[in-house]
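Enquirer: For reference, the structure I am asking about is given below.
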Amino acid sequence: MVLDGQRDKAEGFLEPVARRMIDVNPNHVSWAALIVAFVSGALLYLSFDNHWLLIAASVAVLVSGYFDALDGKIAKMAGKASRRGDYLDHVFDRFADVFMIGGVAVSAWCDPYLGMLALVGVLLTSYMGTQAQAVGAPRLYAGLLGRADRIVLMTLFPILQFVALQAGQGSFVLNGLEFTVMEIMMGWFALVGNLTAVQRVIVTWRAMSREDP
């Protein structure tokens, strides 16, 4: 799943709202996205004792992701795009990742070591993308696990966990090891996130090799 390369297809959902909010400061929308991300992380953390919070968390993740895409669209349409706004957006995205994925990582849904690996994978993926830009290579969105992918998965898997619980199957056993649905998501983040980070390192290295004498 690589949804970051499909951003143009989201224009139909963003442009009408952005036009109505053309006078809103894009940074305020960025703040709203961050606050909702924090709420989603808190809901995910608390959802082990109240399973209905999984649905609320899923909605919060989706709203945060939408706001995160909307701020940039408003900035471009209003002619307010700036380096400071872009920088703020990247900073808030990383905090949002920590809030949302960290909410699962420290919860009873997930083994803490798996949660740590998932956080490392996600943060390294994002870092390698922006670091490519910092050294003069194009900003990288390539890879198996971009931010759009994470938002979709973090919207979908809490719902799947809730459905599994309602069906009386909140966890699964594989080779004697028990996994919750949320741990399957975190395992994917841990594995594919780190692979994506390595993939971006290789792409950037090759790009620089062609430029260096």
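As shown in the structure tokens, the chain order sets the letters A, B, ...; within each chain, residues go from 1, and ligands are also counted from 1 in the order they appear.
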Which residues come within 10 Å of Ala118 of chain A, counting only C-alpha atoms, excluding same-chain residues fewer than 6 positions away, as a list in words?
Expert: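 So the residues in contact are Ile101, Gly102, Val104, Ala105, Pro112, Leu124, Glu183, Met185, Met186, Gly187, Trp188, Phe189, Ala190, Leu191, Val192, Gly193 and Asn194 of chain A.
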Enquirer: Extract the full set of helix (DSSP H, G or I) residues from segment 35-176 of chain A according to DSSP on the backbone, and format it as an MDAnalysis selection string.
Expert: chainID A and resid 35:46 53:77 83:105 112:134 147:166
Enquirer: Enumerate as an MDAnalysis selection string all residues of segment 46-209 of chain A assigned to strand (DSSP E or B) by DSSP on the backbone, naming them with the chain letters and numbers the document uses.
Expert: chainID A and resid 171:174 177:180
Enquirer: With C-alpha atoms retained, write the just-selected residues as a PDB file, in the first residue's frame.
Expert:
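Below is the file out-v9.pdb, written as the result:
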ATOM      1  CA  SER A 171      -6.870 -12.060  19.467  1.00  0.00           C
ATOM      2  CA  PHE A 172      -5.321 -14.729  17.256  1.00  0.00           C
ATOM      3  CA  VAL A 173      -2.787 -17.469  17.951  1.00  0.00           C
ATOM      4  CA  LEU A 174       0.044 -18.155  15.508  1.00  0.00           C
ATOM      5  CA  LEU A 177       2.012 -16.781  20.069  1.00  0.00           C
ATOM      6  CA  GLU A 178      -1.079 -14.687  20.715  1.00  0.00           C
ATOM      7  CA  PHE A 179      -1.624 -11.433  18.819  1.00  0.00           C
ATOM      8  CA  THR A 180      -4.324  -8.807  19.005  1.00  0.00           C
TER       9      THR A 180
END
Enquirer: Near Leu34 of chain A, within 7 Å and counting only C-alpha atoms, which residues show up once chain neighbours fewer than 6 positions away are dropped, as a list of chain:residue names?
Expert: A:Ser64, A:Phe92, A:Ala96
Enquirer: Report the closest atom pair, with its distance in Å rounded to one decimal, for each residue of segment 74-161 of chain A that has an atom no farther than 9 Å from segment 11-21 of chain A; count only C-alpha atoms, sort by chain and then rising residue number, and write it as JSON lines.
Expert:
{"residue": "A:Ile74", "atom": "CA", "partner": "A:Ala18", "partner_atom": "CA", "distance": 5.1}
{"residue": "A:Ala75", "atom": "CA", "partner": "A:Ala18", "partner_atom": "CA", "distance": 8.9}
{"residue": "A:Met77", "atom": "CA", "partner": "A:Arg19", "partner_atom": "CA", "distance": 7.6}
{"residue": "A:Ala78", "atom": "CA", "partner": "A:Arg19", "partner_atom": "CA", "distance": 8.7}
Enquirer: What is the atom CA of Phe95 of chain A-atom CA of Leu123 of chain A distance in Å, reported with one decimal?
Expert: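 So the answer is 9.8 Å.
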Enquirer: Need the shell around Pro158 of chain A: protein/DNA/RNA residues with any atom at most 7 Å away, counting only C-alpha atoms. Skip same-chain ones fewer than 5 positions apart. Format as a ChimeraX atom specification?
Expert: /A:54-55,58,182
Enquirer: May I have the residues from that selection written out with N, CA and C atoms, as an mmCIF file, in the first residue's frame?
Expert:
data_model
loop_
_atom_site.group_PDB
_atom_site.id
_atom_site.type_symbol
_atom_site.label_atom_id
_atom_site.label_comp_id
_atom_site.auth_asym_id
_atom_site.auth_seq_id
_atom_site.Cartn_x
_atom_site.Cartn_y
_atom_site.Cartn_z
ATOM 1 N N LEU A 54 -12.526 2.474 20.551
ATOM 2 C CA LEU A 54 -11.807 2.129 19.319
ATOM 3 C C LEU A 54 -12.443 2.825 18.114
ATOM 4 N N ILE A 55 -13.767 2.863 18.091
ATOM 5 C CA ILE A 55 -14.464 3.521 16.991
ATOM 6 C C ILE A 55 -14.225 5.025 17.047
ATOM 7 N N SER A 58 -10.762 5.751 15.856
ATOM 8 C CA SER A 58 -10.662 5.626 14.408
ATOM 9 C C SER A 58 -11.162 6.887 13.711
ATOM 10 N N MET A 182 -4.612 -5.187 16.834
ATOM 11 C CA MET A 182 -3.791 -3.982 16.894
ATOM 12 C C MET A 182 -2.302 -4.313 16.838
#
Enquirer: Find the residue from A:Phe67, A:Phe99, A:Tyr113, A:Trp52 that sits nearest to His28 of chain A; use only C-alpha atoms when measuring.
Expert: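 That would be A:Phe67, the residue with the smallest distance to His28 of chain A.
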Enquirer: A:Asp68, A:Asp149, A:Asp23, A:Asp89: which is nearest Val36 of chain A, counting only C-alpha atoms?
Expert: A:Asp68
Enquirer: Report, in Å with one decimal, the straight-line distance from atom CA of Val39 of chain A to atom CA of Val63 of chain A.
Expert: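 Computing it gives 10.8 Å between the two atoms.
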Enquirer: Using only C-alpha atoms, can you tell me which of A:Thr130, A:Met100, A:Tyr66, A:Asp111 comes closest to Tyr87 of chain A?
Expert: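 The closest residue to Tyr87 of chain A is A:Thr130.
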